[in-house]
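Text of structure.csv (CSV, C-alpha atoms) as supplied:
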```csv
chain,number,residue,atom,x,y,z
N,1,MET,CA,0.0,0.0,0.0
N,2,LYS,CA,2.8,2.3,0.9
N,3,ASN,CA,4.5,1.7,-2.5
N,4,ARG,CA,1.3,2.5,-4.3
N,5,HIS,CA,1.1,5.9,-2.5
N,6,MET,CA,4.7,6.6,-3.4
N,7,LEU,CA,4.1,5.6,-7.0
N,8,PHE,CA,1.0,7.8,-7.2
N,9,LEU,CA,2.8,10.7,-5.7
N,10,CYS,CA,5.6,10.3,-8.3
N,11,PHE,CA,3.2,10.3,-11.2
N,12,PHE,CA,1.3,13.2,-9.7
N,13,LEU,CA,4.5,15.3,-9.5
N,14,ILE,CA,5.7,14.3,-12.9
N,15,TYR,CA,2.4,15.3,-14.6
N,16,THR,CA,1.7,18.5,-12.6
N,17,VAL,CA,5.0,20.0,-11.5
N,18,VAL,CA,7.3,19.2,-14.5
N,19,PRO,CA,4.9,20.9,-17.1
N,20,VAL,CA,4.9,24.1,-14.9
N,21,PHE,CA,8.7,24.2,-14.9
N,22,SER,CA,8.8,23.6,-18.6
N,23,GLN,CA,6.3,26.5,-19.2
N,24,THR,CA,8.4,28.8,-16.9
N,25,ALA,CA,11.6,27.9,-18.8
N,26,ASP,CA,9.8,28.5,-22.2
N,27,ALA,CA,8.5,31.8,-21.0
N,28,GLY,CA,12.1,32.8,-20.0
N,29,VAL,CA,13.4,31.9,-23.4
N,30,SER,CA,10.6,33.9,-25.2
N,31,ALA,CA,11.2,36.9,-22.9
N,32,GLU,CA,14.9,36.9,-23.8
N,33,ASN,CA,14.1,36.7,-27.5
N,34,SER,CA,11.5,39.5,-27.3
N,35,GLU,CA,12.4,42.8,-29.0
N,36,THR,CA,12.4,44.9,-25.9
N,37,VAL,CA,14.7,47.9,-25.6
N,38,PRO,CA,17.0,48.4,-22.6
N,39,LEU,CA,15.8,51.0,-20.1
N,40,PRO,CA,16.8,54.5,-21.2
N,41,GLN,CA,18.5,57.0,-19.0
N,42,SER,CA,17.2,59.9,-21.0
N,43,PHE,CA,14.0,61.6,-22.2
N,44,ARG,CA,14.2,64.1,-25.1
N,45,GLY,CA,17.9,64.8,-24.5
N,46,LEU,CA,17.5,65.2,-20.7
N,47,THR,CA,19.9,62.5,-19.3
N,48,LEU,CA,20.4,61.2,-15.8
N,49,GLY,CA,23.9,62.1,-14.7
N,50,MET,CA,24.1,65.4,-16.7
N,51,SER,CA,25.3,68.5,-14.9
N,52,LEU,CA,23.2,71.5,-13.8
N,53,ASP,CA,24.4,73.7,-16.7
N,54,GLU,CA,23.8,70.9,-19.2
N,55,LEU,CA,20.3,70.4,-17.9
N,56,LYS,CA,19.5,74.1,-17.9
N,57,ASP,CA,20.7,74.4,-21.5
N,58,ALA,CA,18.7,71.3,-22.6
N,59,LEU,CA,15.5,72.7,-21.0
N,60,LEU,CA,15.9,76.1,-22.6
N,61,ARG,CA,16.2,74.4,-26.0
N,62,ASP,CA,13.2,72.0,-25.6
N,63,ALA,CA,9.9,73.6,-26.6
N,64,LEU,CA,8.0,71.1,-24.4
N,65,PHE,CA,9.1,73.0,-21.3
N,66,ARG,CA,8.5,76.5,-20.1
N,67,PHE,CA,11.8,76.7,-18.3
N,68,ARG,CA,12.5,80.3,-17.1
N,69,GLY,CA,16.2,79.9,-16.2
N,70,ASP,CA,17.5,80.3,-12.7
N,71,ARG,CA,14.1,81.4,-11.2
N,72,ASP,CA,13.0,77.7,-11.6
N,73,VAL,CA,16.1,76.5,-9.8
N,74,SER,CA,16.0,75.9,-6.0
N,75,PHE,CA,18.7,74.7,-3.6
N,76,LEU,CA,17.4,72.1,-1.2
N,77,PRO,CA,18.3,72.1,2.5
N,78,VAL,CA,19.7,68.6,2.0
N,79,GLN,CA,23.4,68.8,1.4
N,80,GLU,CA,24.4,69.3,-2.2
N,81,GLN,CA,21.0,68.9,-3.7
N,82,THR,CA,19.3,71.1,-6.3
N,83,LEU,CA,15.7,71.0,-7.6
N,84,ILE,CA,14.4,72.4,-10.9
N,85,GLU,CA,10.7,72.7,-11.2
N,86,THR,CA,9.2,73.9,-14.4
N,87,ALA,CA,5.9,74.0,-16.2
N,88,GLY,CA,5.4,71.9,-19.3
N,89,LEU,CA,3.5,72.4,-22.5
N,90,SER,CA,1.0,70.1,-24.1
N,91,PHE,CA,1.6,66.5,-22.8
N,92,ILE,CA,3.7,67.5,-19.8
N,93,ARG,CA,2.0,69.5,-17.1
N,94,ARG,CA,4.9,69.9,-14.7
N,95,ALA,CA,8.5,68.6,-14.6
N,96,PHE,CA,10.8,68.2,-11.6
N,97,PHE,CA,14.5,67.5,-11.8
N,98,GLN,CA,16.6,66.6,-8.7
N,99,LEU,CA,20.3,66.9,-8.7
N,100,GLU,CA,22.8,65.5,-6.2
N,101,ASP,CA,26.4,66.9,-6.2
N,102,ALA,CA,25.3,68.9,-9.3
N,103,LYS,CA,24.4,65.7,-11.3
N,104,LEU,CA,20.8,64.9,-12.3
N,105,PHE,CA,19.5,61.7,-10.6
N,106,ILE,CA,15.7,62.0,-10.7
N,107,MET,CA,13.5,63.3,-13.5
N,108,SER,CA,9.7,63.4,-12.8
N,109,PHE,CA,7.1,64.3,-15.4
N,110,THR,CA,3.5,64.9,-14.4
N,111,LEU,CA,1.5,64.3,-17.6
N,112,ASN,CA,-1.6,66.1,-18.8
N,113,PRO,CA,-4.5,63.6,-18.5
N,114,GLU,CA,-6.6,65.6,-20.9
N,115,LEU,CA,-4.1,64.8,-23.7
N,116,ILE,CA,-2.7,61.4,-22.7
N,117,ASP,CA,-4.0,58.5,-20.6
N,118,HIS,CA,-2.4,56.1,-18.2
N,119,TYR,CA,-3.3,53.1,-20.3
N,120,SER,CA,-1.5,54.5,-23.4
N,121,VAL,CA,1.7,55.2,-21.5
N,122,PHE,CA,1.6,51.8,-19.8
N,123,THR,CA,1.0,49.8,-23.0
N,124,THR,CA,3.8,51.8,-24.7
N,125,PHE,CA,6.2,51.0,-21.9
N,126,VAL,CA,5.3,47.3,-22.0
N,127,GLU,CA,5.8,47.2,-25.8
N,128,LYS,CA,9.2,48.9,-25.5
N,129,TYR,CA,10.6,47.6,-22.2
N,130,GLY,CA,8.6,44.4,-21.5
N,131,GLU,CA,6.5,43.6,-18.5
N,132,PRO,CA,7.1,45.7,-15.4
N,133,ASN,CA,9.3,44.3,-12.6
N,134,SER,CA,6.6,45.2,-10.1
N,135,LEU,CA,3.0,46.3,-10.5
N,136,ASP,CA,0.4,47.5,-8.0
N,137,PRO,CA,-2.6,49.9,-8.2
N,138,ARG,CA,-0.3,52.9,-7.5
N,139,GLN,CA,2.6,52.2,-9.9
N,140,ALA,CA,4.3,50.1,-12.4
N,141,VAL,CA,8.1,49.8,-12.1
N,142,TRP,CA,10.7,48.8,-14.7
N,143,GLU,CA,14.3,48.6,-13.4
N,144,ASN,CA,17.7,47.3,-14.1
N,145,ASN,CA,21.0,47.8,-12.2
N,146,LEU,CA,21.3,51.4,-13.4
N,147,THR,CA,17.9,52.8,-13.9
N,148,ARG,CA,14.4,52.7,-12.4
N,149,ILE,CA,11.4,54.0,-14.4
N,150,SER,CA,8.0,54.2,-12.8
N,151,LEU,CA,4.6,55.0,-14.1
N,152,GLU,CA,2.7,56.3,-11.1
N,153,ARG,CA,-0.9,57.3,-10.6
N,154,PRO,CA,-2.5,59.6,-11.2
N,155,LEU,CA,-0.2,60.1,-14.2
N,156,THR,CA,3.5,60.6,-13.5
N,157,VAL,CA,6.6,59.1,-15.1
N,158,LYS,CA,9.8,59.1,-13.1
N,159,TYR,CA,13.4,58.2,-14.1
N,160,ILE,CA,15.8,57.5,-11.3
N,161,ASP,CA,19.5,56.8,-11.3
N,162,LYS,CA,19.6,53.8,-9.1
N,163,LEU,CA,23.2,54.0,-8.2
N,164,VAL,CA,22.9,57.5,-6.8
N,165,PHE,CA,19.5,56.8,-5.2
N,166,ASP,CA,20.7,53.6,-3.5
N,167,ALA,CA,23.8,55.4,-2.1
N,168,LEU,CA,21.5,58.2,-0.7
N,169,ILE,CA,19.3,55.6,0.9
N,170,ALA,CA,22.3,53.8,2.5
N,171,GLN,CA,23.6,57.1,3.7
N,172,SER,CA,20.2,58.0,5.2
N,173,ASN,CA,20.0,54.6,6.9
N,174,THR,CA,23.5,55.1,8.4
N,175,ARG,CA,22.5,58.6,9.7
N,176,GLU,CA,19.3,57.3,11.2
N,177,ALA,CA,21.1,54.5,12.9
N,178,SER,CA,23.6,57.0,14.3
N,179,GLU,CA,20.8,59.3,15.5
N,180,LEU,CA,19.0,56.3,17.1
N,181,GLU,CA,22.2,55.3,18.9
N,182,LEU,CA,22.7,58.9,20.2
N,183,ARG,CA,19.0,59.0,21.4
N,184,ARG,CA,19.5,55.7,23.2
N,185,ASP,CA,22.7,57.0,24.8
N,186,PHE,CA,20.9,60.1,25.9
N,187,LEU,CA,18.0,58.2,27.4
N,188,ASN,CA,20.5,55.9,29.3
N,189,ASP,CA,21.9,59.0,30.9
N,190,PHE,CA,18.7,59.3,33.0
```

Can you present the structure in this file as structure tokens?
Amino acid sequence: MKNRHMLFLCFFLIYTVVPVFSQTADAGVSAENSETVPLPQSFRGLTLGMSLDELKDALLRDALFRFRGDRDVSFLPVQEQTLIETAGLSFIRRAFFQLEDAKLFIMSFTLNPELIDHYSVFTTFVEKYGEPNSLDPRQAVWENNLTRISLERPLTVKYIDKLVFDALIAQSNTREASELELRRDFLNDF
């Protein structure tokens, strides 16, 4: 009786689990052969990693933005960070560019929902870059080792330089841990 159960279990696994693995392997092969494009680090000549002066020049040349020069540039209280906020024309309502150490590491474009819809942007991204790495009701995210592109609701597209962003997160975590240790030491003084 025990042997029959083992035999049944073996056949069950062969006919249920092996086809699933085979389908997964086939899906991986077809995904590799698909004609997706690597994730870009630029949009209309605005490129992650460019300097503040290069960014200002590119914005002045692009008719899609109403960049007014230095009045749209702010220096953030965070060390060595700069923010450019500018109005857009037609498909872009507003654009935000964040720089760390005078290098662009985040570009955020709030799109005009009267002229473009979330579904159109999403399907275009899927056609170009493949399925998102993560998807939830708030955002779809495509990422590789260098770049993270997210399509967020209501209708915002963000480009993030992952190397810079991850370094800032690590630095922030170190600072928080240090502050927590100082707080704990202070409380122990009582």

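When all atoms listed in the file are used to measure the gap to Asp62 in chain N, the shortest distance among N:Leu146, N:Met50, N:Leu89, N:Gln81 belongs to N:Leu89.
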
Identify the residues around (18.3, 51.6, -21.2) within a radius of 9 Å, measuring from all atoms listed in the file in the coordinates stated by the file, and give them as a PyMOL selection string.
-> chain N and resi 37-42+129+144+146-147

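Taking CA of Ser90 in chain N as the reference point, CA of Asp57 in chain N is found at 20.3 Å.
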
Just the residues within 10 Å of Phe125 in chain N, please, counting only C-alpha atoms, with nothing from its chain fewer than 4 positions along; format it as a ChimeraX atom specification.
-> /N:36-37,39,119-121,129-132,140,142,149-151

Determine, counting all atoms listed in the file, which protein, DNA and RNA residues have an atom within 12 Å of an atom of Ser108 in chain N; residues of the same chain fewer than 5 positions away are not included. Present the result as a VMD selection string.
-> chain N and resid 42 to 43 46 48 83 to 88 92 to 99 148 to 152 155 to 161

Output of the above residues as a short mmCIF file (atom, residue, chain, number, x, y, z; two decimals), in the frame of the given file, restricted to C-alpha atoms:
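That gives us part.cif:
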```cif
data_model
loop_
_atom_site.label_atom_id
_atom_site.label_comp_id
_atom_site.auth_asym_id
_atom_site.auth_seq_id
_atom_site.Cartn_x
_atom_site.Cartn_y
_atom_site.Cartn_z
CA SER N 42 17.20 59.90 -21.00
CA PHE N 43 14.00 61.60 -22.20
CA LEU N 46 17.50 65.20 -20.70
CA LEU N 48 20.40 61.20 -15.80
CA LEU N 83 15.70 71.00 -7.60
CA ILE N 84 14.40 72.40 -10.90
CA GLU N 85 10.70 72.70 -11.20
CA THR N 86 9.20 73.90 -14.40
CA ALA N 87 5.90 74.00 -16.20
CA GLY N 88 5.40 71.90 -19.30
CA ILE N 92 3.70 67.50 -19.80
CA ARG N 93 2.00 69.50 -17.10
CA ARG N 94 4.90 69.90 -14.70
CA ALA N 95 8.50 68.60 -14.60
CA PHE N 96 10.80 68.20 -11.60
CA PHE N 97 14.50 67.50 -11.80
CA GLN N 98 16.60 66.60 -8.70
CA LEU N 99 20.30 66.90 -8.70
CA ARG N 148 14.40 52.70 -12.40
CA ILE N 149 11.40 54.00 -14.40
CA SER N 150 8.00 54.20 -12.80
CA LEU N 151 4.60 55.00 -14.10
CA GLU N 152 2.70 56.30 -11.10
CA LEU N 155 -0.20 60.10 -14.20
CA THR N 156 3.50 60.60 -13.50
CA VAL N 157 6.60 59.10 -15.10
CA LYS N 158 9.80 59.10 -13.10
CA TYR N 159 13.40 58.20 -14.10
CA ILE N 160 15.80 57.50 -11.30
CA ASP N 161 19.50 56.80 -11.30
#
```

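A straight line drawn from CA of Phe75 in chain N to CA of Ile106 in chain N is 14.9 Å long.
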
Please work out which residues fall within 12 Å of (22.4, 79.5, -12.5), coordinates as given in the file, with only C-alpha atoms counting, and return them as a PyMOL selection string.
-> chain N and resi 51-57+68-75+82-84+102

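Here CA of Glu80 in chain N is placed at a distance of 11.6 Å from CA of Leu104 in chain N.
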
As a PDB file, in the frame of the given file, could you write out range 139-171 of chain N once it has been completed with N, CA and C atoms?
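Result file follows (part.pdb):
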```pdb
ATOM      1  N   GLN N 139       1.459  52.024  -8.938  1.00  0.00           N
ATOM      2  CA  GLN N 139       2.600  52.200  -9.900  1.00  0.00           C
ATOM      3  C   GLN N 139       2.998  50.937 -10.561  1.00  0.00           C
ATOM      4  N   ALA N 140       3.590  51.134 -11.714  1.00  0.00           N
ATOM      5  CA  ALA N 140       4.300  50.100 -12.400  1.00  0.00           C
ATOM      6  C   ALA N 140       5.737  50.471 -12.495  1.00  0.00           C
ATOM      7  N   VAL N 141       6.644  49.519 -12.233  1.00  0.00           N
ATOM      8  CA  VAL N 141       8.100  49.800 -12.100  1.00  0.00           C
ATOM      9  C   VAL N 141       8.867  48.928 -13.068  1.00  0.00           C
ATOM     10  N   TRP N 142       9.713  49.547 -13.880  1.00  0.00           N
ATOM     11  CA  TRP N 142      10.700  48.800 -14.700  1.00  0.00           C
ATOM     12  C   TRP N 142      12.054  49.240 -14.163  1.00  0.00           C
ATOM     13  N   GLU N 143      12.938  48.273 -13.945  1.00  0.00           N
ATOM     14  CA  GLU N 143      14.300  48.600 -13.400  1.00  0.00           C
ATOM     15  C   GLU N 143      15.307  47.623 -13.847  1.00  0.00           C
ATOM     16  N   ASN N 144      16.532  48.127 -13.889  1.00  0.00           N
ATOM     17  CA  ASN N 144      17.700  47.300 -14.100  1.00  0.00           C
ATOM     18  C   ASN N 144      18.736  47.774 -13.058  1.00  0.00           C
ATOM     19  N   ASN N 145      20.000  47.434 -13.222  1.00  0.00           N
ATOM     20  CA  ASN N 145      21.000  47.800 -12.200  1.00  0.00           C
ATOM     21  C   ASN N 145      21.281  49.323 -12.214  1.00  0.00           C
ATOM     22  N   LEU N 146      20.998  50.018 -13.315  1.00  0.00           N
ATOM     23  CA  LEU N 146      21.300  51.400 -13.400  1.00  0.00           C
ATOM     24  C   LEU N 146      20.132  52.377 -13.285  1.00  0.00           C
ATOM     25  N   THR N 147      18.987  51.945 -13.780  1.00  0.00           N
ATOM     26  CA  THR N 147      17.900  52.800 -13.900  1.00  0.00           C
ATOM     27  C   THR N 147      16.578  52.237 -13.378  1.00  0.00           C
ATOM     28  N   ARG N 148      15.753  53.102 -12.839  1.00  0.00           N
ATOM     29  CA  ARG N 148      14.400  52.700 -12.400  1.00  0.00           C
ATOM     30  C   ARG N 148      13.448  53.702 -13.091  1.00  0.00           C
ATOM     31  N   ILE N 149      12.474  53.173 -13.815  1.00  0.00           N
ATOM     32  CA  ILE N 149      11.400  54.000 -14.400  1.00  0.00           C
ATOM     33  C   ILE N 149      10.117  53.559 -13.854  1.00  0.00           C
ATOM     34  N   SER N 150       9.350  54.527 -13.350  1.00  0.00           N
ATOM     35  CA  SER N 150       8.000  54.200 -12.800  1.00  0.00           C
ATOM     36  C   SER N 150       6.958  55.006 -13.467  1.00  0.00           C
ATOM     37  N   LEU N 151       5.825  54.367 -13.649  1.00  0.00           N
ATOM     38  CA  LEU N 151       4.600  55.000 -14.100  1.00  0.00           C
ATOM     39  C   LEU N 151       3.678  55.004 -12.929  1.00  0.00           C
ATOM     40  N   GLU N 152       3.428  56.187 -12.382  1.00  0.00           N
ATOM     41  CA  GLU N 152       2.700  56.300 -11.100  1.00  0.00           C
ATOM     42  C   GLU N 152       1.307  56.914 -11.395  1.00  0.00           C
ATOM     43  N   ARG N 153       0.381  56.650 -10.517  1.00  0.00           N
ATOM     44  CA  ARG N 153      -0.900  57.300 -10.600  1.00  0.00           C
ATOM     45  C   ARG N 153      -0.931  58.509  -9.713  1.00  0.00           C
ATOM     46  N   PRO N 154      -1.573  59.602 -10.136  1.00  0.00           N
ATOM     47  CA  PRO N 154      -2.500  59.600 -11.200  1.00  0.00           C
ATOM     48  C   PRO N 154      -1.875  59.530 -12.595  1.00  0.00           C
ATOM     49  N   LEU N 155      -0.862  60.271 -12.939  1.00  0.00           N
ATOM     50  CA  LEU N 155      -0.200  60.100 -14.200  1.00  0.00           C
ATOM     51  C   LEU N 155       1.158  60.811 -14.206  1.00  0.00           C
ATOM     52  N   THR N 156       2.146  60.103 -13.656  1.00  0.00           N
ATOM     53  CA  THR N 156       3.500  60.600 -13.500  1.00  0.00           C
ATOM     54  C   THR N 156       4.505  59.579 -13.957  1.00  0.00           C
ATOM     55  N   VAL N 157       5.504  60.018 -14.719  1.00  0.00           N
ATOM     56  CA  VAL N 157       6.600  59.100 -15.100  1.00  0.00           C
ATOM     57  C   VAL N 157       7.863  59.636 -14.452  1.00  0.00           C
ATOM     58  N   LYS N 158       8.585  58.718 -13.772  1.00  0.00           N
ATOM     59  CA  LYS N 158       9.800  59.100 -13.100  1.00  0.00           C
ATOM     60  C   LYS N 158      10.975  58.224 -13.601  1.00  0.00           C
ATOM     61  N   TYR N 159      12.109  58.896 -13.807  1.00  0.00           N
ATOM     62  CA  TYR N 159      13.400  58.200 -14.100  1.00  0.00           C
ATOM     63  C   TYR N 159      14.287  58.446 -12.938  1.00  0.00           C
ATOM     64  N   ILE N 160      14.883  57.384 -12.445  1.00  0.00           N
ATOM     65  CA  ILE N 160      15.800  57.500 -11.300  1.00  0.00           C
ATOM     66  C   ILE N 160      17.081  56.775 -11.558  1.00  0.00           C
ATOM     67  N   ASP N 161      18.183  57.453 -11.268  1.00  0.00           N
ATOM     68  CA  ASP N 161      19.500  56.800 -11.300  1.00  0.00           C
ATOM     69  C   ASP N 161      19.649  55.987 -10.080  1.00  0.00           C
ATOM     70  N   LYS N 162      19.572  54.668 -10.231  1.00  0.00           N
ATOM     71  CA  LYS N 162      19.600  53.800  -9.100  1.00  0.00           C
ATOM     72  C   LYS N 162      20.845  53.817  -8.267  1.00  0.00           C
ATOM     73  N   LEU N 163      21.982  53.980  -8.910  1.00  0.00           N
ATOM     74  CA  LEU N 163      23.200  54.000  -8.200  1.00  0.00           C
ATOM     75  C   LEU N 163      23.284  55.157  -7.184  1.00  0.00           C
ATOM     76  N   VAL N 164      22.906  56.333  -7.644  1.00  0.00           N
ATOM     77  CA  VAL N 164      22.900  57.500  -6.800  1.00  0.00           C
ATOM     78  C   VAL N 164      21.817  57.367  -5.709  1.00  0.00           C
ATOM     79  N   PHE N 165      20.630  56.961  -6.129  1.00  0.00           N
ATOM     80  CA  PHE N 165      19.500  56.800  -5.200  1.00  0.00           C
ATOM     81  C   PHE N 165      19.809  55.819  -4.101  1.00  0.00           C
ATOM     82  N   ASP N 166      20.334  54.656  -4.474  1.00  0.00           N
ATOM     83  CA  ASP N 166      20.700  53.600  -3.500  1.00  0.00           C
ATOM     84  C   ASP N 166      21.749  54.109  -2.520  1.00  0.00           C
ATOM     85  N   ALA N 167      22.715  54.874  -3.024  1.00  0.00           N
ATOM     86  CA  ALA N 167      23.800  55.400  -2.100  1.00  0.00           C
ATOM     87  C   ALA N 167      23.150  56.412  -1.157  1.00  0.00           C
ATOM     88  N   LEU N 168      22.200  57.230  -1.604  1.00  0.00           N
ATOM     89  CA  LEU N 168      21.500  58.200  -0.700  1.00  0.00           C
ATOM     90  C   LEU N 168      20.713  57.461   0.358  1.00  0.00           C
ATOM     91  N   ILE N 169      20.046  56.381  -0.033  1.00  0.00           N
ATOM     92  CA  ILE N 169      19.300  55.600   0.900  1.00  0.00           C
ATOM     93  C   ILE N 169      20.197  54.980   1.974  1.00  0.00           C
ATOM     94  N   ALA N 170      21.315  54.423   1.530  1.00  0.00           N
ATOM     95  CA  ALA N 170      22.300  53.800   2.500  1.00  0.00           C
ATOM     96  C   ALA N 170      22.822  54.873   3.416  1.00  0.00           C
ATOM     97  N   GLN N 171      23.129  56.044   2.873  1.00  0.00           N
ATOM     98  CA  GLN N 171      23.600  57.100   3.700  1.00  0.00           C
ATOM     99  C   GLN N 171      22.579  57.567   4.716  1.00  0.00           C
TER     100      GLN N 171
END
```
